[in-house]
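Right, one structure below, let's go through it.
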Amino acid sequence: MSTKFYNTITRQKETFTPIKKGEVKLYTCGPTVYDVAHIGNFRAFLFEDLLKRFLLLKGYKMTHVMNITDVDDKTIKQSIEKKIPIQELTETFTERFFDDLKRLKILPADEYPRATAHIQSMIKMIKKLIDGGFAYQAGDGSVYFSIDAYPEYGKLVHLDFGGQKSTERIISDEYTKDNPQDFVLWKAWKEEDGNVAWDSPWGKGRPGWHIECSAMSTEYLGAHFDIHCGGVDNMFPHHENEIAQSECATGEPFVNIWMHCEYLLVDGGKMSKSLGNYYQIFDLLEKGFTPETLRYILLNTHYRKTLNFSLSKRHEADQAVQRISDIYERLTSFVGDKTASASFPKVFNDFVKALENDLDTPQALALFFNWIKQTNHRLDEDSLTLEDGASGLRFIDKFNSIFDLLPGRIEIPATVLSLLNEREEARTNKNWKLSDDLRDKIHKLGWLVKDTPDGAKCQPV
RNA sequence: GGCGUUGUACCCAAGCGGUCUAAGGGGACGGUCUGCAAAAUCGUUAUUCACCGGUUCGAAUCCGGUCAACGCCUCCA
């Protein structure tokens with residue numbers, strides 16, 4: 001059985017073979033910390049989380065690096081507008097970012113290199129590019145990458161720059177570059193940059209946006225590594241430029257597989273602050289979404305399809321997540337601690353196969369829910385063996401290691417517990433009126449009562 | 001203008017040439033269970049896959065065209 005991933009660069013599903021047997025080196029584009037990341041950003045991060053968890057399940061040793069962009073036009077602009085020193089601004093939003101990652105149960109990367117801590121690596125790489133004849137310092141003092149020096153430029157997004165006539169709007173104010181499409185590696189200092197500057201062989205300035213990922217990925221993962229991910233919007237120019245810089249600087253192929261996550265729309269359109277549908281993780285949790293329902297919603301659509309998010313999806317997701325934790329509890333109490341199992345149900349194989357097929361999460365979830373239905377059915381008619389129950393628990397465990405949709409144990413407050421006991425007593429006395437009143441009372445406290453053969457159970461509404 | 005993606009039930013969403021008279025989730029309706037609920041379960045909800053042609057023994061799946069939506073072609077996950 002082989003794992004296949006859709007490679008943006010070849011536009012095909014390809015069998016995944018790591019460069020070094022049993023090990024995967026993964027680089028994922030991280031946030032620019034000038035503001036709080038939104039739900040759309042997290043779609044990509046969650047897709048990457050799933051990819052990583054799946055590769056871990058397959059037994060690979062993972063090295064995962066995610067950059068933190070803490071210097072660029074946007075961070076500088078924000079710091080000026082808000083009159084906050086740039087370090088303070090980026091530190092704040094980096095913290096917020098890590099909080100959100102944790103909330104969504106995204107596994108931490110091995111390294112989160114910050115751009116500002118790797119200026120020297122970038123300078124070194126730029127130097128190499130100049131020495132190799134791939135870059136030049138222009139009249140404005142900035143250093144540019146010359147796309148004419150790299151004939152393969154455009155191979156990721158399949159754009160042909162060679163024969164193209166520049167459009168007028170590009171020509172207008174770009175007199176300093178050899179080719180209007182050349183992109184900046186080192187930006188010469190300008191007044192509005194304030195004290196955001198580093199010394200370099202080309203004078204005071206700061207790195208261009210793309211060079212950080214090339215320099216840092218090379219530093220942490222080597223010149224040539226396995227997988228690089230990001231959102232589709234990063235394909236051009238960001239990733240295209242990374243390829244150019246890296247391959248010219250190191251002389252080696254850069255990345256084997258490029259994977260890109262599609263956009264997330266909200267209510268059928270782009271998210272925008274003015275429409276009031278610009279959501280951050282914090283907002284959504286406030287509105288009653290749980291980390292699990294968010295994970296479900298974001299992972300239930302295949303990563304290469306646009307996902308249309310809306311608040312109304314919450315109900316569907318709540319139900320689905322509840323169904324999963326219900327079967328988990330049901331099986332747990334059925335099996336108790338009597339049996340451990342070394343096997344998996346037959347569907348487990350298909351489940352893994354679905355994910356091996358370019359991370360077909362909808363299919364994998366479908367198989368899982370199908371299995372839940374069958375298992376419930378067999379529990380109902382009392383035909384499930386303990387061994388089946390135990391292997392089912394193992395399946396859920398593996399399932400959860402990838403999707404992470406089981407909520408943690410929730411403590412039931414003492415007040416609710418005592419009301420619950422009262423109600424049980426009322427029920428044994430067949431005092432239905434009191435029992436129903438108590439159920440209402442408990443409901444008003446935010447808990448739903450379920451009478452099961454094993455006694456009353458209770459879950460948050 | 002160039003490159004590319006998408007169009008499957010009331011909603012979300014798989015499917016990648018035959019096991020498709022099309023999975024799974026949500027919703028709705030009806031039955032079983034239950035003191036009543038909740039949960040679970042059973043049944044119903046697309047002979048049809050935007051539309052029109054073509055290839056094929058066979059197409060939701062391949063090809064051509066039409067319509068619709070969308071993305072990229074310098075700073076956005």
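In the structure tokens, chains take the letters A, B, ... in the order shown, each chain's residues start at 1, and ligands count up from 1 in the order shown.
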
Self-check item: Residues within 12 Å of Lys77 (chain A), only C-alpha atoms (C1' of nucleotides), excluding chain neighbours under 3 positions, as an MDAnalysis selection string
Solution: chainID A and resid 33:35 71:74 80:86 89:90 192:194 196

Output C-alpha atoms for every residue in that selection, as a compact mmCIF listing (two decimals), in the first residue's frame.
# COMPACT_ATOMS: atom_id res chain seq x y z
CA VAL A 33 2.25 38.03 13.18
CA TYR A 34 0.81 41.47 12.53
CA ASP A 35 -2.72 40.52 13.61
CA VAL A 71 9.26 41.39 9.98
CA ASP A 72 7.72 42.52 6.71
CA ASP A 73 5.70 45.39 5.28
CA LYS A 74 2.58 44.52 7.21
CA ILE A 80 3.47 52.44 13.04
CA GLU A 81 -0.31 52.65 12.96
CA LYS A 82 -0.73 51.31 16.44
CA LYS A 83 2.32 53.12 17.73
CA ILE A 84 3.65 49.94 19.29
CA PRO A 85 7.28 48.85 18.93
CA ILE A 86 7.43 46.11 16.34
CA LEU A 89 3.47 43.78 18.38
CA THR A 90 4.89 40.59 16.92
CA GLU A 192 9.26 54.69 7.13
CA ASP A 193 11.09 51.57 8.30
CA GLY A 194 12.18 53.51 11.38
CA VAL A 196 13.67 48.20 11.73

Quiz prompt | Residue contacts of Asn400 (chain A) (12 Å, only C-alpha atoms (C1' of nucleotides)) excluding same-chain residues fewer than 2 positions away, as a ChimeraX atom specification | solution = /A:50,53-54,57,105,292,295-296,321,324-325,328,365,368,393-398,402-408

Would you put the residues from that selection into a file with C-alpha atoms, as an mmCIF file, in the first residue's frame?
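out.cif written:
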data_model
loop_
_atom_site.group_PDB
_atom_site.id
_atom_site.type_symbol
_atom_site.label_atom_id
_atom_site.label_comp_id
_atom_site.auth_asym_id
_atom_site.auth_seq_id
_atom_site.Cartn_x
_atom_site.Cartn_y
_atom_site.Cartn_z
ATOM 1 C CA LEU A 50 -3.820 16.224 9.730
ATOM 2 C CA ARG A 53 -0.667 13.142 12.238
ATOM 3 C CA PHE A 54 -1.305 10.789 9.366
ATOM 4 C CA LEU A 57 0.385 7.083 12.205
ATOM 5 C CA LYS A 105 -5.362 20.829 19.437
ATOM 6 C CA GLU A 292 -13.796 19.545 18.209
ATOM 7 C CA ARG A 295 -11.850 20.548 13.687
ATOM 8 C CA TYR A 296 -14.735 18.526 12.300
ATOM 9 C CA VAL A 321 -18.933 14.992 17.346
ATOM 10 C CA ILE A 324 -18.417 9.913 18.174
ATOM 11 C CA SER A 325 -18.098 10.500 21.877
ATOM 12 C CA TYR A 328 -16.741 5.832 22.580
ATOM 13 C CA LEU A 365 -15.019 9.957 8.102
ATOM 14 C CA PHE A 368 -15.800 5.687 10.427
ATOM 15 C CA LEU A 393 -11.842 1.027 21.022
ATOM 16 C CA ARG A 394 -8.474 0.641 19.430
ATOM 17 C CA PHE A 395 -9.905 1.903 16.166
ATOM 18 C CA ILE A 396 -11.391 4.939 17.859
ATOM 19 C CA ASP A 397 -8.061 5.563 19.462
ATOM 20 C CA LYS A 398 -6.260 5.582 16.114
ATOM 21 C CA ILE A 402 -5.568 11.760 13.493
ATOM 22 C CA PHE A 403 -8.789 13.730 13.772
ATOM 23 C CA ASP A 404 -8.726 14.470 17.487
ATOM 24 C CA LEU A 405 -12.486 14.872 17.770
ATOM 25 C CA LEU A 406 -13.059 13.356 21.200
ATOM 26 C CA PRO A 407 -13.588 16.061 23.766
ATOM 27 C CA GLY A 408 -11.643 15.741 26.967
#

Quiz prompt | Non-local contacts of Arg114 (chain A) (6 Å; only C-alpha atoms (C1' of nucleotides); under 3 positions in same chain excluded) as a VMD selection string | solution = chain A and resid 67 to 68 117

Exercise. Would you kindly return, as a list in words, each protein, DNA or RNA residue with an atom no farther than 10 Å from any atom of G35 (chain B), considering only C-alpha atoms (C1' of nucleotides) and excluding same-chain residues fewer than 4 positions away?
Key: Arg427, Lys430, Asn431 and Trp432 of chain A

Saved selection, atoms kept: all heavy atoms, as a compact mmCIF listing (two decimals), in the first residue's frame:
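Saved result, result_36.txt, follows:
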# COMPACT_ATOMS: atom_id res chain seq x y z
N ARG A 427 -37.39 8.90 40.28
CA ARG A 427 -37.75 7.94 39.24
C ARG A 427 -38.02 6.56 39.82
O ARG A 427 -38.93 5.86 39.37
CB ARG A 427 -36.65 7.87 38.18
CG ARG A 427 -36.57 9.15 37.35
CD ARG A 427 -35.62 8.99 36.19
NE ARG A 427 -36.17 8.13 35.16
CZ ARG A 427 -35.52 7.14 34.58
NH1 ARG A 427 -34.29 6.88 34.93
NH2 ARG A 427 -36.09 6.42 33.65
N LYS A 430 -41.25 6.39 40.95
CA LYS A 430 -42.17 6.68 39.84
C LYS A 430 -42.88 8.02 40.01
O LYS A 430 -44.02 8.20 39.60
CB LYS A 430 -43.22 5.56 39.68
CG LYS A 430 -42.61 4.22 39.27
CD LYS A 430 -43.66 3.28 38.73
CE LYS A 430 -43.19 1.83 38.68
NZ LYS A 430 -42.27 1.53 37.59
N ASN A 431 -42.15 8.92 40.59
CA ASN A 431 -42.67 10.29 40.72
C ASN A 431 -42.25 11.06 39.46
O ASN A 431 -41.28 11.80 39.46
CB ASN A 431 -42.09 10.95 41.99
CG ASN A 431 -42.71 12.30 42.25
OD1 ASN A 431 -43.37 12.87 41.38
ND2 ASN A 431 -42.51 12.81 43.45
N TRP A 432 -42.99 10.84 38.39
CA TRP A 432 -42.58 11.38 37.08
C TRP A 432 -42.60 12.89 37.04
O TRP A 432 -41.77 13.52 36.40
CB TRP A 432 -43.45 10.81 35.96
CG TRP A 432 -43.54 9.32 35.94
CD1 TRP A 432 -44.67 8.57 35.90
CD2 TRP A 432 -42.44 8.38 35.97
NE1 TRP A 432 -44.37 7.24 35.89
CE2 TRP A 432 -43.01 7.08 35.94
CE3 TRP A 432 -41.05 8.50 36.04
CZ2 TRP A 432 -42.24 5.92 35.96
CZ3 TRP A 432 -40.29 7.34 36.05
CH2 TRP A 432 -40.87 6.08 36.02

Exercise. Can you pull out every residue within 12 Å of region 40-49 of chain B, counting only C-alpha atoms (C1' of nucleotides), but drop anything in the same chain fewer than 4 positions away, and send it as a ChimeraX atom specification?
Key: /A:323,326-327,330,372-381,450,452-453 /B:7-10,15,20-22,27-34,59-61

Take the residues just selected and output them with C-alpha atoms (C1' of nucleotides) as a short mmCIF file (atom, residue, chain, number, x, y, z; two decimals), in the first residue's frame.
data_model
loop_
_atom_site.label_atom_id
_atom_site.label_comp_id
_atom_site.auth_asym_id
_atom_site.auth_seq_id
_atom_site.Cartn_x
_atom_site.Cartn_y
_atom_site.Cartn_z
CA ARG A 323 -22.09 10.72 17.97
CA ASP A 326 -21.31 8.53 22.49
CA ILE A 327 -20.02 5.43 20.79
CA ARG A 330 -20.78 3.12 25.02
CA ILE A 372 -20.24 3.42 14.28
CA LYS A 373 -23.66 2.61 12.94
CA GLN A 374 -22.86 -1.08 12.61
CA THR A 375 -21.35 -1.19 16.05
CA ASN A 376 -24.33 0.53 17.64
CA HIS A 377 -26.57 -1.90 15.85
CA ARG A 378 -24.68 -4.89 17.19
CA LEU A 379 -24.66 -3.44 20.67
CA ASP A 380 -28.42 -2.96 20.42
CA GLU A 381 -29.02 -6.54 19.45
CA LYS A 450 -30.09 10.84 29.28
CA THR A 452 -29.66 4.75 29.87
CA PRO A 453 -29.84 1.13 30.96
"C1'" G B 7 -20.92 22.41 -10.62
"C1'" U B 8 -23.64 15.30 -7.24
"C1'" A B 9 -30.42 15.02 -3.01
"C1'" C B 10 -33.60 20.14 1.28
"C1'" G B 15 -16.81 9.14 -5.85
"C1'" C B 20 -23.33 3.31 -8.56
"C1'" U B 21 -30.91 1.63 -9.57
"C1'" A B 22 -24.42 7.00 -6.20
"C1'" G B 27 -32.36 18.06 8.40
"C1'" A B 28 -37.44 16.21 7.64
"C1'" C B 29 -41.22 12.35 8.08
"C1'" G B 30 -42.85 7.42 9.92
"C1'" G B 31 -41.84 2.69 13.05
"C1'" U B 32 -39.13 0.10 17.39
"C1'" C B 33 -37.12 1.02 22.29
"C1'" U B 34 -38.29 4.38 26.69
"C1'" A B 59 -19.53 7.19 -18.00
"C1'" A B 60 -21.13 11.00 -12.36
"C1'" U B 61 -16.28 9.31 -13.80
#

Practice problem: Choose the residue, out of B:G71, B:G53, B:G58, B:G18, that has the smallest atom-to-atom separation from chain A; count only C-alpha atoms (C1' of nucleotides). | Solution: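 Ranked by minimum distance to chain A, first place goes to B:G71.
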
Exercise. Kindly provide, as a PyMOL selection string, the residues of chain A having any atom no farther than 6 Å from an atom of chain B, counting only C-alpha atoms (C1' of nucleotides).
Key: chain A and resi 41+44+231+316+362-363+366+450

Quiz item: Which value, in Å to one decimal, gives the distance between CA of Glu14 (chain A) and CA of Tyr27 (chain A)?
Solution: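 Between CA of Glu14 (chain A) and CA of Tyr27 (chain A) the gap is 18.4 Å.
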
Practice problem: Provide the CA of Leu26 (chain A) to CA of Val65 (chain A) distance in Å, to one decimal place. | Solution: 6.3 Å

Exercise. Considering only C-alpha atoms (C1' of nucleotides), return as an NGL selection string whatever protein or nucleic-acid residues lie within 12 Å of Met62 (chain A), sequence-local ones (same chain, fewer than 3 positions apart) excluded.
Key: :A and (18 or 20-27 or 49 or 51-59 or 65 or 107-111 or 221 or 225-227)

Could you take the residues named above and write them with C-alpha atoms, as a short mmCIF file (atom, residue, chain, number, x, y, z; two decimals), in the first residue's frame?
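So selection05.cif came out as:
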data_model
loop_
_atom_site.label_atom_id
_atom_site.label_comp_id
_atom_site.auth_asym_id
_atom_site.auth_seq_id
_atom_site.Cartn_x
_atom_site.Cartn_y
_atom_site.Cartn_z
CA PRO A 18 10.62 10.17 1.57
CA LYS A 20 15.44 9.25 3.75
CA LYS A 21 13.63 6.02 4.51
CA GLY A 22 11.26 6.30 7.42
CA GLU A 23 11.75 10.02 7.94
CA VAL A 24 9.80 13.00 6.71
CA LYS A 25 10.95 16.57 6.73
CA LEU A 26 8.08 18.97 6.56
CA TYR A 27 8.01 22.73 6.23
CA ASP A 49 -1.83 19.02 11.27
CA LEU A 51 -1.07 15.50 7.21
CA LYS A 52 1.47 15.30 9.97
CA ARG A 53 -0.67 13.14 12.24
CA PHE A 54 -1.30 10.79 9.37
CA LEU A 55 2.38 10.45 8.58
CA LEU A 56 3.02 9.79 12.25
CA LEU A 57 0.38 7.08 12.20
CA LYS A 58 2.16 5.58 9.22
CA GLY A 59 5.20 5.34 11.44
CA VAL A 65 9.28 23.38 10.93
CA LEU A 107 0.32 19.36 17.35
CA PRO A 108 3.25 21.70 17.89
CA ALA A 109 6.01 21.87 15.30
CA ASP A 110 9.54 20.95 16.27
CA GLU A 111 10.77 24.42 15.49
CA LEU A 221 15.71 20.73 7.14
CA PHE A 225 13.53 18.07 1.83
CA ASP A 226 10.25 16.21 1.46
CA ILE A 227 7.11 18.29 1.81
#

Practice problem: DSSP on the backbone, then: every residue of region 219-362 of chain A marked alpha helix (DSSP H), written as a PyMOL selection string. | Solution: chain A and resi 219-221+240-250+281-286+291-299+313-335+347-356+361-362

Next, the residues of the selection above should be written as a short mmCIF file (atom, residue, chain, number, x, y, z; two decimals), in the first residue's frame with C-alpha atoms.
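Final output, out_35.cif:
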data_model
loop_
_atom_site.label_atom_id
_atom_site.label_comp_id
_atom_site.auth_asym_id
_atom_site.auth_seq_id
_atom_site.Cartn_x
_atom_site.Cartn_y
_atom_site.Cartn_z
CA GLU A 219 18.98 25.66 7.93
CA TYR A 220 16.59 23.32 9.74
CA LEU A 221 15.71 20.73 7.14
CA GLU A 240 7.57 30.14 -6.70
CA ASN A 241 10.18 32.58 -5.45
CA GLU A 242 11.32 30.25 -2.73
CA ILE A 243 12.03 27.59 -5.31
CA ALA A 244 14.03 30.00 -7.43
CA GLN A 245 16.11 31.31 -4.55
CA SER A 246 16.75 27.96 -2.95
CA GLU A 247 17.62 26.02 -6.05
CA CYS A 248 19.94 28.74 -7.31
CA ALA A 249 21.62 29.20 -3.96
CA THR A 250 22.16 25.55 -3.11
CA ILE A 281 -10.81 31.18 16.66
CA PHE A 282 -11.50 33.05 19.84
CA ASP A 283 -14.77 34.53 18.45
CA LEU A 284 -16.01 31.15 17.38
CA LEU A 285 -15.30 29.54 20.72
CA GLU A 286 -17.21 32.40 22.32
CA PRO A 291 -12.35 22.87 19.30
CA GLU A 292 -13.80 19.55 18.21
CA THR A 293 -16.62 20.98 16.14
CA LEU A 294 -14.21 23.37 14.47
CA ARG A 295 -11.85 20.55 13.69
CA TYR A 296 -14.74 18.53 12.30
CA ILE A 297 -15.97 21.34 10.08
CA LEU A 298 -12.54 22.16 8.76
CA LEU A 299 -11.47 18.57 8.15
CA LYS A 313 -22.62 24.45 10.33
CA ARG A 314 -22.27 24.27 14.04
CA HIS A 315 -25.31 22.11 14.64
CA GLU A 316 -24.28 19.49 12.14
CA ALA A 317 -20.80 19.37 13.61
CA ASP A 318 -22.05 19.21 17.18
CA GLN A 319 -24.22 16.23 16.31
CA ALA A 320 -21.41 14.43 14.54
CA VAL A 321 -18.93 14.99 17.35
CA GLN A 322 -21.48 13.89 19.92
CA ARG A 323 -22.09 10.72 17.97
CA ILE A 324 -18.42 9.91 18.17
CA SER A 325 -18.10 10.50 21.88
CA ASP A 326 -21.31 8.53 22.49
CA ILE A 327 -20.02 5.43 20.79
CA TYR A 328 -16.74 5.83 22.58
CA GLU A 329 -18.45 5.90 25.97
CA ARG A 330 -20.78 3.12 25.02
CA LEU A 331 -17.93 0.86 24.01
CA THR A 332 -15.83 1.82 26.98
CA SER A 333 -18.51 0.83 29.44
CA PHE A 334 -19.26 -2.29 27.43
CA VAL A 335 -15.69 -3.49 27.42
CA VAL A 347 -12.70 -1.17 8.18
CA PHE A 348 -9.55 0.18 9.70
CA ASN A 349 -7.68 -0.88 6.63
CA ASP A 350 -10.02 1.01 4.35
CA PHE A 351 -9.89 3.96 6.66
CA VAL A 352 -6.12 4.16 6.30
CA LYS A 353 -6.42 3.60 2.55
CA ALA A 354 -8.76 6.55 2.23
CA LEU A 355 -6.21 8.78 3.91
CA GLU A 356 -3.43 7.33 1.81
CA THR A 361 -10.84 12.88 4.95
CA PRO A 362 -14.52 12.89 3.88
#

Quiz item: Please, what distance in Å, to one decimal, runs between CA of Tyr136 (chain A) and CA of Trp202 (chain A)?
Solution: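 Calculated distance between CA of Tyr136 (chain A) and CA of Trp202 (chain A) is 10.2 Å.
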
Exercise. Just list the residues in region 230-327 of chain A DSSP gives strand (DSSP E) on the backbone, as a ChimeraX atom specification.
Key: /A:230-231,255-261,264-266,307-309

Please produce an output containing N, CA, C and O atoms for each residue in the selection, written as a short mmCIF file (atom, residue, chain, number, x, y, z; two decimals), in the first residue's frame.
data_model
loop_
_atom_site.label_atom_id
_atom_site.label_comp_id
_atom_site.auth_asym_id
_atom_site.auth_seq_id
_atom_site.Cartn_x
_atom_site.Cartn_y
_atom_site.Cartn_z
N GLY A 230 1.29 24.98 2.32
CA GLY A 230 0.79 26.32 2.57
C GLY A 230 -0.59 26.45 1.96
O GLY A 230 -1.14 25.48 1.44
N GLY A 231 -1.14 27.64 2.02
CA GLY A 231 -2.42 27.88 1.36
C GLY A 231 -2.18 28.15 -0.12
O GLY A 231 -1.07 28.53 -0.50
N VAL A 255 12.30 21.07 -2.99
CA VAL A 255 11.25 20.31 -2.28
C VAL A 255 10.69 19.25 -3.21
O VAL A 255 10.49 19.50 -4.39
N ASN A 256 10.42 18.06 -2.66
CA ASN A 256 9.87 17.01 -3.50
C ASN A 256 8.38 17.19 -3.76
O ASN A 256 7.91 17.07 -4.87
N ILE A 257 7.62 17.42 -2.69
CA ILE A 257 6.17 17.56 -2.87
C ILE A 257 5.65 18.86 -2.28
O ILE A 257 5.91 19.18 -1.12
N TRP A 258 4.94 19.59 -3.12
CA TRP A 258 4.29 20.82 -2.69
C TRP A 258 2.80 20.53 -2.49
O TRP A 258 2.15 20.01 -3.39
N MET A 259 2.30 20.86 -1.32
CA MET A 259 0.87 20.63 -1.09
C MET A 259 0.22 21.93 -0.67
O MET A 259 0.74 22.64 0.19
N HIS A 260 -0.90 22.23 -1.30
CA HIS A 260 -1.57 23.51 -1.03
C HIS A 260 -3.03 23.31 -0.67
O HIS A 260 -3.73 22.53 -1.30
N CYS A 261 -3.43 24.03 0.34
CA CYS A 261 -4.78 23.93 0.84
C CYS A 261 -5.64 25.02 0.19
O CYS A 261 -5.19 26.17 0.08
N LEU A 264 -10.86 29.09 2.16
CA LEU A 264 -12.08 28.96 2.94
C LEU A 264 -12.91 30.20 2.66
O LEU A 264 -12.41 31.32 2.70
N LEU A 265 -14.17 29.97 2.31
CA LEU A 265 -15.08 31.09 2.11
C LEU A 265 -16.01 31.14 3.32
O LEU A 265 -16.21 30.14 3.99
N VAL A 266 -16.58 32.29 3.54
CA VAL A 266 -17.58 32.38 4.60
C VAL A 266 -18.87 32.87 3.97
O VAL A 266 -18.88 33.87 3.26
N LEU A 307 -13.84 25.46 0.90
CA LEU A 307 -14.74 25.11 2.00
C LEU A 307 -15.56 26.32 2.33
O LEU A 307 -15.04 27.42 2.51
N ASN A 308 -16.85 26.13 2.38
CA ASN A 308 -17.73 27.25 2.69
C ASN A 308 -18.14 27.20 4.15
O ASN A 308 -18.99 26.40 4.54
N PHE A 309 -17.54 28.05 4.92
CA PHE A 309 -17.83 28.06 6.35
C PHE A 309 -19.02 28.96 6.64
O PHE A 309 -19.20 29.99 6.01
#

Quiz item: When distances are computed from only C-alpha atoms, which of A:Asp437, A:Glu411, A:Asp267, A:Glu252 shows the smallest separation from His224 (chain A)?
Solution: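 Selected residue with least distance to His224 (chain A): A:Glu252.
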